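Enquirer: My structure is stored as structure05.txt, with compact mmCIF, C-alpha atoms.
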```txt
# COMPACT_ATOMS: atom_id res chain seq x y z
CA MET A 1 -16.63 10.35 19.95
CA LEU A 2 -13.31 8.50 20.36
CA LYS A 3 -13.16 9.36 24.05
CA LYS A 4 -16.17 7.13 24.65
CA LEU A 5 -14.31 4.20 23.07
CA THR A 6 -11.16 4.31 25.20
CA THR A 7 -11.94 1.02 26.93
CA LEU A 8 -12.40 -0.80 23.64
CA ARG A 9 -9.33 0.44 21.81
CA THR A 10 -7.21 -2.39 20.45
CA VAL A 11 -4.76 -0.38 18.31
CA LYS A 12 -2.17 1.40 20.41
CA LEU A 13 0.33 3.58 18.61
CA GLN A 14 3.01 6.02 19.68
CA SER A 15 2.00 9.66 20.01
CA GLN A 16 3.59 10.69 16.70
CA HIS A 17 1.34 8.23 14.83
CA GLN A 18 -1.74 8.17 17.08
CA ALA A 19 -3.17 11.52 15.91
CA GLU A 20 -2.97 10.54 12.27
CA PHE A 21 -4.58 7.18 12.99
CA ASP A 22 -7.38 8.79 15.02
CA VAL A 23 -8.32 11.03 12.08
CA VAL A 24 -8.76 8.00 9.81
CA PHE A 25 -10.57 6.01 12.50
CA GLU A 26 -12.99 8.79 13.35
CA SER A 27 -13.83 9.47 9.70
CA LEU A 28 -14.61 5.77 9.20
CA LEU A 29 -16.73 5.68 12.36
CA ASN A 30 -18.72 8.70 11.18
CA GLU A 31 -19.68 6.80 8.04
CA MET A 32 -21.42 4.11 10.10
CA ASP A 33 -24.93 4.74 11.41
CA THR A 34 -24.97 2.82 14.69
CA PRO A 35 -21.97 0.50 14.77
CA SER A 36 -21.95 -2.38 17.24
CA ALA A 37 -18.97 -2.87 19.55
CA LEU A 38 -17.60 -5.65 17.34
CA SER A 39 -18.00 -3.48 14.24
CA VAL A 40 -15.99 -0.76 15.99
CA VAL A 41 -13.18 -3.25 16.64
CA LEU A 42 -13.12 -4.20 12.96
CA ILE A 43 -13.33 -0.56 11.86
CA GLU A 44 -10.31 0.09 14.04
CA GLN A 45 -8.38 -2.65 12.23
CA ILE A 46 -9.45 -1.22 8.86
CA ALA A 47 -8.31 2.26 9.96
CA GLU A 48 -4.98 0.74 10.94
CA CYS A 49 -4.60 -0.78 7.46
CA LEU A 50 -5.35 2.59 5.86
CA PHE A 51 -2.86 4.24 8.22
CA TRP A 52 -0.16 1.75 7.19
CA ILE A 53 -0.86 2.15 3.48
CA LYS A 54 -0.45 5.92 3.86
CA GLN A 55 2.63 5.55 6.05
CA HIS A 56 4.36 3.10 3.71
CA ASN A 57 3.64 5.31 0.71
CA LYS A 58 5.44 8.09 2.57
CA ASP A 59 8.28 5.66 3.35
CA LYS A 60 8.48 4.75 -0.32
CA GLU A 61 8.80 8.40 -1.36
CA GLU A 62 11.48 8.90 1.27
CA LEU A 63 13.30 5.80 0.08
CA ILE A 64 13.31 7.12 -3.49
CA CYS A 65 14.64 10.50 -2.30
CA TYR A 66 17.43 8.77 -0.35
CA ALA A 67 18.17 6.54 -3.31
CA MET A 68 18.42 9.60 -5.57
CA GLY A 69 20.74 11.26 -3.06
CA GLU A 70 22.85 8.13 -2.87
CA GLU A 71 22.98 7.81 -6.62
CA LEU A 72 24.10 11.40 -7.06
CA ALA A 73 26.70 11.09 -4.30
CA ARG A 74 28.01 7.91 -5.88
CA THR A 75 28.46 9.49 -9.29
CA MET A 76 30.48 12.24 -7.60
CA LEU A 77 32.49 9.58 -5.70
CA TYR A 78 31.32 11.05 -2.37
CA TYR A 79 31.12 8.02 -0.12
CA GLN A 80 30.54 9.84 3.16
CA PRO A 81 26.93 9.49 4.38
CA GLU A 82 26.55 13.22 5.04
CA TYR A 83 26.66 13.92 1.30
CA ARG A 84 23.91 11.40 0.60
CA GLU A 85 21.78 12.78 3.39
CA LYS A 86 22.39 16.34 2.23
CA PHE A 87 21.43 15.50 -1.35
CA ALA A 88 18.43 13.47 -0.16
CA PHE A 89 17.26 16.38 1.98
CA THR A 90 17.65 18.80 -0.94
CA ILE A 91 15.74 16.52 -3.31
CA ARG A 92 12.94 15.92 -0.81
CA SER A 93 12.64 19.63 -0.03
CA MET A 94 12.62 20.52 -3.71
CA LEU A 95 9.84 18.04 -4.39
CA GLU A 96 7.79 19.15 -1.38
CA ARG A 97 8.25 22.90 -1.54
CA ASP A 98 8.23 25.27 -4.47
CA ASP A 99 10.12 28.01 -2.60
CA PHE A 100 13.19 25.91 -1.79
CA GLU A 101 15.29 27.92 -4.26
CA GLN A 102 14.51 31.11 -2.30
CA THR A 103 14.77 29.66 1.21
CA HIS A 104 17.95 27.61 0.71
CA PRO A 105 19.79 29.33 -2.18
CA ASP A 106 23.22 27.86 -1.34
CA GLN A 107 22.05 24.26 -1.15
CA TYR A 108 19.99 24.69 -4.27
CA ALA A 109 22.93 26.15 -6.20
CA GLU A 110 25.24 23.35 -5.03
CA PHE A 111 22.71 20.73 -6.04
CA ILE A 112 22.13 22.25 -9.50
CA ASP A 113 25.88 22.56 -9.97
CA THR A 114 26.42 18.89 -9.05
CA MET A 115 23.62 17.78 -11.35
CA GLY A 116 25.07 19.90 -14.15
CA LYS A 117 28.54 18.41 -13.68
CA ARG A 118 27.09 14.93 -14.12
CA ASP A 119 24.78 16.03 -16.93
CA MET A 120 21.71 14.79 -15.07
CA THR A 121 18.10 15.88 -14.73
CA MET A 122 15.71 14.99 -11.90
CA ASP A 123 14.03 12.46 -14.20
CA THR A 124 17.22 10.65 -15.14
CA LEU A 125 18.37 10.66 -11.51
CA ARG A 126 15.02 9.24 -10.35
CA ALA A 127 15.13 6.57 -13.06
CA LYS A 128 18.65 5.58 -12.01
CA ALA A 129 17.66 5.50 -8.35
CA LEU A 130 14.58 3.37 -9.05
CA ASN A 131 16.63 1.01 -11.12
CA SER A 132 19.34 0.52 -8.52
CA HIS A 133 16.91 0.12 -5.61
CA MET A 134 14.26 -1.94 -7.38
CA GLY A 135 14.46 -4.75 -4.82
CA LYS A 136 13.86 -2.52 -1.82
CA ILE A 137 11.00 -0.69 -3.51
CA ALA A 138 9.46 -4.04 -4.46
CA ASP A 139 9.66 -5.11 -0.81
CA LEU A 140 7.73 -2.02 0.26
CA ASP A 141 5.22 -2.56 -2.53
CA ALA A 142 4.67 -6.12 -1.31
CA VAL A 143 4.04 -4.83 2.23
CA ILE A 144 1.56 -2.20 0.95
CA SER A 145 -0.21 -4.77 -1.18
CA ARG A 146 -0.54 -7.03 1.89
CA HIS A 147 -2.26 -4.23 3.80
CA ILE A 148 -4.73 -3.78 0.94
CA GLN A 149 -5.55 -7.48 1.07
CA ASN A 150 -5.88 -7.37 4.87
CA LEU A 151 -8.31 -4.50 4.42
CA ARG A 152 -10.42 -6.61 2.03
CA HIS A 153 -10.59 -9.46 4.54
CA LEU A 154 -11.62 -7.10 7.33
CA GLN A 155 -14.17 -5.38 5.11
CA LYS A 156 -15.66 -8.79 4.31
CA GLY A 157 -15.97 -9.49 8.04
CA LEU A 158 -17.51 -6.08 8.69
CA ASP A 159 -20.07 -6.60 5.91
CA ALA A 160 -20.98 -9.99 7.39
CA ILE A 161 -21.54 -8.40 10.83
CA ASP A 162 -23.65 -5.66 9.26
CA ILE A 163 -25.81 -8.20 7.43
CA LYS A 164 -26.15 -10.25 10.62
CA LYS A 165 -27.22 -7.11 12.49
CA ARG A 166 -29.83 -6.29 9.87
CA MET A 167 -31.10 -9.88 9.91
CA LEU A 168 -31.38 -9.78 13.70
CA LYS A 169 -33.29 -6.49 13.51
CA ARG A 170 -35.61 -7.97 10.90
CA LEU A 171 -36.16 -11.10 13.00
CA ASP A 172 -36.88 -8.94 16.05
CA LEU A 173 -39.47 -6.98 14.08
CA GLU A 174 -41.04 -10.18 12.77
CA VAL A 175 -41.21 -11.64 16.28
CA GLN A 176 -42.74 -8.37 17.54
CA GLN A 177 -45.30 -8.44 14.69
CA LEU A 178 -46.20 -12.07 15.36
CA THR A 179 -46.56 -11.39 19.11
CA GLN A 180 -48.86 -8.49 18.35
CA LYS A 181 -50.93 -10.64 15.97
CA LEU A 182 -51.14 -13.39 18.57
CA ALA A 183 -52.22 -10.92 21.22
CA GLN A 184 -54.90 -9.55 18.88
CA GLN A 185 -56.14 -13.07 18.12
CA ASN A 186 -56.23 -13.90 21.84
CA ASN A 187 -58.19 -10.74 22.51
CA ALA A 188 -60.64 -11.63 19.74
CA ILE A 189 -61.10 -15.15 21.14
CA ASP A 190 -61.63 -13.76 24.64
CA HIS A 191 -64.14 -11.28 23.27
CA GLN A 192 -66.07 -13.98 21.39
CA SER A 193 -66.16 -16.30 24.36
CA MET B 1 14.27 -51.28 6.59
CA GLN B 2 15.61 -51.00 3.05
CA SER B 3 16.28 -47.58 1.60
CA ILE B 4 13.84 -46.56 -1.12
CA ILE B 5 16.42 -44.53 -3.04
CA SER B 6 19.28 -45.93 -5.09
CA PRO B 7 22.79 -46.07 -3.56
CA GLU B 8 23.99 -43.59 -6.21
CA LYS B 9 21.26 -41.16 -5.25
CA LEU B 10 22.06 -41.63 -1.56
CA LEU B 11 25.73 -40.91 -2.21
CA ALA B 12 24.84 -37.82 -4.26
CA ASN B 13 22.54 -36.58 -1.45
CA ARG B 14 25.28 -37.04 1.13
CA ASN B 15 27.79 -35.20 -1.04
CA ASN B 16 25.36 -32.37 -1.65
CA ALA B 17 24.58 -32.12 2.04
CA THR B 18 28.21 -31.33 2.77
CA LEU B 19 28.08 -28.38 0.37
CA SER B 20 25.51 -26.34 2.29
CA THR B 21 24.47 -27.24 5.79
CA GLY B 22 23.98 -23.85 7.35
CA PRO B 23 26.50 -21.72 9.14
CA LYS B 24 29.72 -23.31 10.33
CA SER B 25 31.25 -20.62 12.51
CA LYS B 26 30.19 -20.16 16.12
CA LYS B 27 29.07 -16.59 15.38
CA GLY B 28 26.96 -17.76 12.44
CA LYS B 29 25.36 -20.55 14.46
CA LEU B 30 24.56 -18.14 17.25
CA LYS B 31 22.94 -15.75 14.77
CA VAL B 32 20.68 -18.31 13.03
CA GLY B 33 19.84 -19.86 16.39
CA LYS B 34 17.88 -16.72 17.20
CA ASN B 35 15.88 -16.72 13.94
CA ALA B 36 12.93 -18.61 15.36
CA ILE B 37 12.60 -16.38 18.40
CA SER B 38 13.05 -13.01 16.74
CA HIS B 39 9.40 -11.94 17.03
CA GLY B 40 7.57 -14.71 18.93
CA LEU B 41 4.74 -15.01 16.41
CA ASN B 42 5.24 -18.74 16.05
CA GLN B 43 4.51 -19.31 19.72
CA ALA B 44 1.08 -20.61 20.67
CA SER B 45 -1.15 -17.97 22.27
CA ASN B 46 -2.77 -18.39 25.64
CA TYR B 47 -6.05 -16.72 24.77
CA PRO B 48 -7.82 -16.65 28.17
CA ASP B 49 -4.86 -14.73 29.61
CA ASP B 50 -5.23 -11.98 27.02
CA PRO B 51 -7.00 -8.95 28.55
CA LEU B 52 -8.91 -8.43 25.30
CA TYR B 53 -10.30 -11.96 25.13
CA LYS B 54 -13.18 -11.67 27.61
CA ALA B 55 -14.29 -8.30 26.26
CA LEU B 56 -14.27 -9.72 22.75
CA LEU B 57 -16.33 -12.75 23.77
CA ILE B 58 -19.04 -10.45 25.17
CA MET B 59 -18.99 -8.19 22.11
CA ILE B 60 -19.24 -11.10 19.69
CA GLU B 61 -22.06 -12.70 21.65
CA THR B 62 -23.95 -9.39 21.64
CA ALA B 63 -23.49 -9.19 17.87
CA GLY B 64 -25.59 -12.38 17.64
CA PHE B 65 -23.05 -15.03 16.71
CA ASP B 66 -23.51 -18.71 17.53
CA SER B 67 -21.79 -19.96 20.65
CA GLY B 68 -19.54 -22.18 18.50
CA ASP B 69 -18.26 -19.23 16.47
CA ILE B 70 -17.69 -16.79 19.33
CA GLU B 71 -14.39 -18.27 20.47
CA SER B 72 -12.94 -18.71 17.00
CA ILE B 73 -13.70 -15.07 16.10
CA ALA B 74 -12.15 -13.81 19.37
CA MET B 75 -9.06 -15.95 18.81
CA ALA B 76 -8.70 -14.73 15.22
CA ILE B 77 -8.88 -11.09 16.31
CA ILE B 78 -6.33 -11.66 19.09
CA ASP B 79 -3.95 -13.41 16.67
CA TYR B 80 -4.30 -10.53 14.22
CA ARG B 81 -3.59 -7.99 16.96
CA LYS B 82 -0.53 -9.93 18.04
CA VAL B 83 0.86 -9.80 14.49
CA MET B 84 0.05 -6.11 14.04
CA ASP B 85 1.48 -5.09 17.42
CA THR B 86 4.75 -6.90 16.63
CA TYR B 87 4.71 -5.30 13.18
CA TYR B 88 4.41 -1.83 14.69
CA GLU B 89 7.10 -2.54 17.26
CA THR B 90 9.48 -3.69 14.52
CA TYR B 91 8.68 -0.63 12.44
CA THR B 92 9.36 1.82 15.26
CA ASN B 93 12.56 -0.02 16.28
CA ILE B 94 14.29 0.08 12.91
CA PRO B 95 17.66 1.53 13.87
CA ASP B 96 19.39 4.39 12.18
CA VAL B 97 22.37 3.36 10.12
CA ASN B 98 25.47 2.78 12.15
CA ASN B 99 28.13 4.96 10.63
CA THR B 100 30.96 2.75 11.80
CA TYR B 101 31.05 1.17 8.34
CA ASN B 102 31.90 4.53 6.88
CA ASP B 103 34.29 5.30 9.70
CA ASN B 104 35.94 1.96 9.04
CA GLY B 105 36.51 3.04 5.49
CA SER B 106 38.25 6.24 6.46
CA LEU B 107 40.16 4.50 9.27
CA ILE B 108 41.43 1.87 6.88
CA SER B 109 42.47 4.52 4.35
CA GLU B 110 44.33 6.34 7.10
CA ALA B 111 45.89 3.08 8.25
CA ILE B 112 47.12 2.28 4.74
CA TYR B 113 48.50 5.77 4.40
CA GLY B 114 50.09 5.63 7.84
CA MET B 115 51.64 2.24 7.26
CA ALA B 116 52.98 3.24 3.91
CA GLU B 117 54.41 6.46 5.31
CA GLY B 118 55.71 5.18 8.58
CA ALA B 119 56.85 1.68 7.86
CA GLY B 120 58.02 2.29 4.32
CA ASP B 121 59.15 -0.93 2.70
CA ASN B 122 57.77 -3.11 5.49
CA VAL B 123 54.23 -2.90 4.08
CA SER B 124 53.77 -5.54 1.46
CA ASN B 125 51.49 -5.25 -1.55
CA GLU B 126 49.39 -8.14 -0.23
CA GLU B 127 48.75 -6.30 3.03
CA ILE B 128 47.62 -3.18 1.20
CA GLN B 129 45.43 -5.21 -1.12
CA ALA B 130 43.88 -7.02 1.83
CA MET B 131 43.06 -3.68 3.40
CA ILE B 132 41.57 -2.35 0.20
CA ARG B 133 39.42 -5.50 0.01
CA LEU B 134 38.30 -4.91 3.58
CA LEU B 135 37.49 -1.31 2.75
CA ASN B 136 35.48 -2.33 -0.30
CA ASN B 137 33.65 -5.04 1.63
CA SER B 138 32.60 -2.66 4.38
CA ARG B 139 31.40 -0.20 1.75
CA LYS B 140 29.42 -2.92 0.00
CA GLN B 141 27.97 -4.08 3.29
CA GLU B 142 26.93 -0.56 4.18
CA GLN B 143 25.48 0.00 0.73
CA ASN B 144 23.47 -3.23 0.91
CA LYS B 145 21.99 -2.31 4.26
CA GLY B 146 21.17 1.19 3.12
CA LEU B 147 19.86 4.08 5.17
CA SER B 148 16.93 3.56 7.52
CA PRO B 149 14.14 4.22 4.92
CA MET B 150 15.69 1.48 2.83
CA ARG B 151 15.45 -1.08 5.60
CA ILE B 152 11.70 -0.79 6.19
CA GLY B 153 10.60 -3.12 3.39
CA THR B 154 13.26 -5.70 4.21
CA LYS B 155 12.40 -5.72 7.91
CA LEU B 156 8.61 -5.82 7.46
CA LYS B 157 8.45 -8.27 4.58
CA ARG B 158 8.74 -11.23 6.94
CA PHE B 159 5.40 -10.33 8.55
CA ILE B 160 3.47 -10.74 5.31
CA ARG B 161 2.79 -14.45 5.81
CA TYR B 162 1.62 -13.93 9.39
CA GLN B 163 -0.69 -11.12 8.30
CA ARG B 164 -2.05 -13.22 5.46
CA LYS B 165 -2.94 -16.03 7.83
CA SER B 166 -4.41 -13.93 10.62
CA ALA B 167 -6.44 -11.54 8.42
CA ALA B 168 -7.90 -14.44 6.45
CA SER B 169 -8.82 -16.25 9.65
CA ILE B 170 -10.85 -13.21 10.84
CA SER B 171 -12.98 -13.10 7.71
CA LYS B 172 -13.30 -16.91 7.69
CA ALA B 173 -14.41 -17.03 11.31
CA ILE B 174 -16.96 -14.22 10.87
CA CYS B 175 -18.34 -15.33 7.52
CA LYS B 176 -18.65 -19.01 8.55
CA LYS B 177 -22.14 -20.26 7.67
```
Could you show the structure in this file as structure tokens?

Expert:
Amino acid sequence: MLKKLTTLRTVKLQSQHQAEFDVVFESLLNEMDTPSALSVVLIEQIAECLFWIKQHNKDKEELICYAMGEELARTMLYYQPEYREKFAFTIRSMLERDDFEQTHPDQYAEFIDTMGKRDMTMDTLRAKALNSHMGKIADLDAVISRHIQNLRHLQKGLDAIDIKKRMLKRLDLEVQQLTQKLAQQNNAIDHQS
Amino acid sequence: MQSIISPEKLLANRNNATLSTGPKSKKGKLKVGKNAISHGLNQASNYPDDPLYKALLIMIETAGFDSGDIESIAMAIIDYRKVMDTYYETYTNIPDVNNTYNDNGSLISEAIYGMAEGAGDNVSNEEIQAMIRLLNNSRKQEQNKGLSPMRIGTKLKRFIRYQRKSAASISKAICKK
């Protein structure tokens, strides 16, 4: 379906993001019965907003993982970035995969040992990280919230186009009905005369 | 023409103005001089030159809008696209953290060590303290900037006002009675 719309595409993303965007766009398009070209343009913008909301939520999770890594490295007085990145990778992998302990036993053991030395749990570390990076998380939240509001504006526009389309269809039908009536009346007059 | 504020107030304003009047160094002036042209969203658009404009005009006309509304809707969509394209470009161009700040730290530590070892008594306490300050400052600077995931919000926050304006203008233009 998207192949037919190549000439109308307004949102151009890099290949690593395009596939994800296309999935959202196509699913939205499938929900519409017979969208007009302008509706498709607005649906594309809505899909873009949804893509950004998803993307920024991922960014936020990554930020928290990095912040946790940074926090842990700081408590151990490890200022080199490789420690932060290593801890951040471990935390992210642990949160994403249940089998991290089996696949990366050395990293897991090192991480648990470091946490134990500082008498920390994942919850306390996350709380500390959130607290120290509140400003940056708030910035991302503001950006996400803006996309939600953009989506509302675009949805409002799409609804207006849909209503207009229905009104036009109704007017067309009324005009067709009136023309038919008029033709019938003309026929009747001709017949009488 | 007589001033409408009192002489005391005028004097206070002039004194206050000397406290903060933007950057003073050449480097600082050069940096803030580029603020207005960092993304080009404040520039007026030349709509007819946009390849999307004509296609949009046709689409909007087909959707049954009045001739007066067609242009304003097309312009609103183009403005929105301009903001979102710049937004995406900024997002994809967020650089990875430059590790020189960290390298600076280790270089300075080595320098302090080397100076203390090599030059012996010639290194004064003030010099060492100045270096430690420099080391701490670079650490703080690096910490404030954060790793690349931490820069996303800071970099993209400035587009919020442009998005607000352009998204609202789309719905306004379409929903106009």

Enquirer: Nearest residue to chain B out of A:Met115, A:Leu29, A:Ala37, A:Ala129, using all atoms listed in the file?

Expert: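 Ranking A:Met115, A:Leu29, A:Ala37, A:Ala129 by distance to chain B, first place goes to A:Ala37.
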
Enquirer: May I ask you to extract the residues of chain B within 10 Å of chain A, using all atoms listed in the file, and to give them as a ChimeraX atom specification?

Expert: /B:52,55-65,77-78,80-81,84-85,88-89,92,97,99,102-103,105-106,139,143-144,146-161,163-176

Enquirer: Please compute the atom CA of Thr34 of chain A-atom CA of Arg166 of chain A distance, one decimal, in Å.

Expert: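 Computed distance, atom CA of Thr34 of chain A to atom CA of Arg166 of chain A, equals 11.4 Å.
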
Enquirer: To one decimal place in Å, what is the distance between atom CA of Pro51 of chain B and atom CA of Glu44 of chain A?

Expert: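 Computed distance, atom CA of Pro51 of chain B to atom CA of Glu44 of chain A, equals 17.4 Å.
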
Enquirer: Residues at most 10 Å from Glu110 of chain A, counting all atoms listed in the file, excluding those fewer than 6 positions away in the same chain, as a ChimeraX atom specification?

Expert: /A:87,90,116

Enquirer: Please compute the atom CA of Lys24 of chain B-atom CA of Gln129 of chain B distance, one decimal, in Å.

Expert: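 Calculated distance between atom CA of Lys24 of chain B and atom CA of Gln129 of chain B is 26.6 Å.
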
Enquirer: For the point (-5.9, -16.8, 24.0) in file coordinates, what residues are within 10 Å, counting all atoms listed in the file? Give the answer as number ranges by chain?

Expert: B: 44-54, 71, 74-76, 78-79

Enquirer: Include C-alpha atoms and write out the residues we just selected as a PDB file, in the frame of the given file.

Expert:
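The file below, result.pdb, is the result:
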```
ATOM      1  CA  ALA B  44       1.080 -20.610  20.670  1.00  0.00           C
ATOM      2  CA  SER B  45      -1.150 -17.970  22.270  1.00  0.00           C
ATOM      3  CA  ASN B  46      -2.770 -18.390  25.640  1.00  0.00           C
ATOM      4  CA  TYR B  47      -6.050 -16.720  24.770  1.00  0.00           C
ATOM      5  CA  PRO B  48      -7.820 -16.650  28.170  1.00  0.00           C
ATOM      6  CA  ASP B  49      -4.860 -14.730  29.610  1.00  0.00           C
ATOM      7  CA  ASP B  50      -5.230 -11.980  27.020  1.00  0.00           C
ATOM      8  CA  PRO B  51      -7.000  -8.950  28.550  1.00  0.00           C
ATOM      9  CA  LEU B  52      -8.910  -8.430  25.300  1.00  0.00           C
ATOM     10  CA  TYR B  53     -10.300 -11.960  25.130  1.00  0.00           C
ATOM     11  CA  LYS B  54     -13.180 -11.670  27.610  1.00  0.00           C
ATOM     12  CA  GLU B  71     -14.390 -18.270  20.470  1.00  0.00           C
ATOM     13  CA  ALA B  74     -12.150 -13.810  19.370  1.00  0.00           C
ATOM     14  CA  MET B  75      -9.060 -15.950  18.810  1.00  0.00           C
ATOM     15  CA  ALA B  76      -8.700 -14.730  15.220  1.00  0.00           C
ATOM     16  CA  ILE B  78      -6.330 -11.660  19.090  1.00  0.00           C
ATOM     17  CA  ASP B  79      -3.950 -13.410  16.670  1.00  0.00           C
TER      18      ASP B  79
END
```

Enquirer: Quick one: everything within 12 Å of Val23 of chain A, counting all atoms listed in the file, minus sequence neighbours fewer than 3 positions away in the same chain. Send it as a list in words.

Expert: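 In the requested form, the answer reads Met1, Leu2, His17, Gln18, Ala19, Glu20, Glu26, Ser27, Leu28, Leu29, Asn30, Glu44, Ala47, Glu48, Leu50 and Phe51 of chain A.
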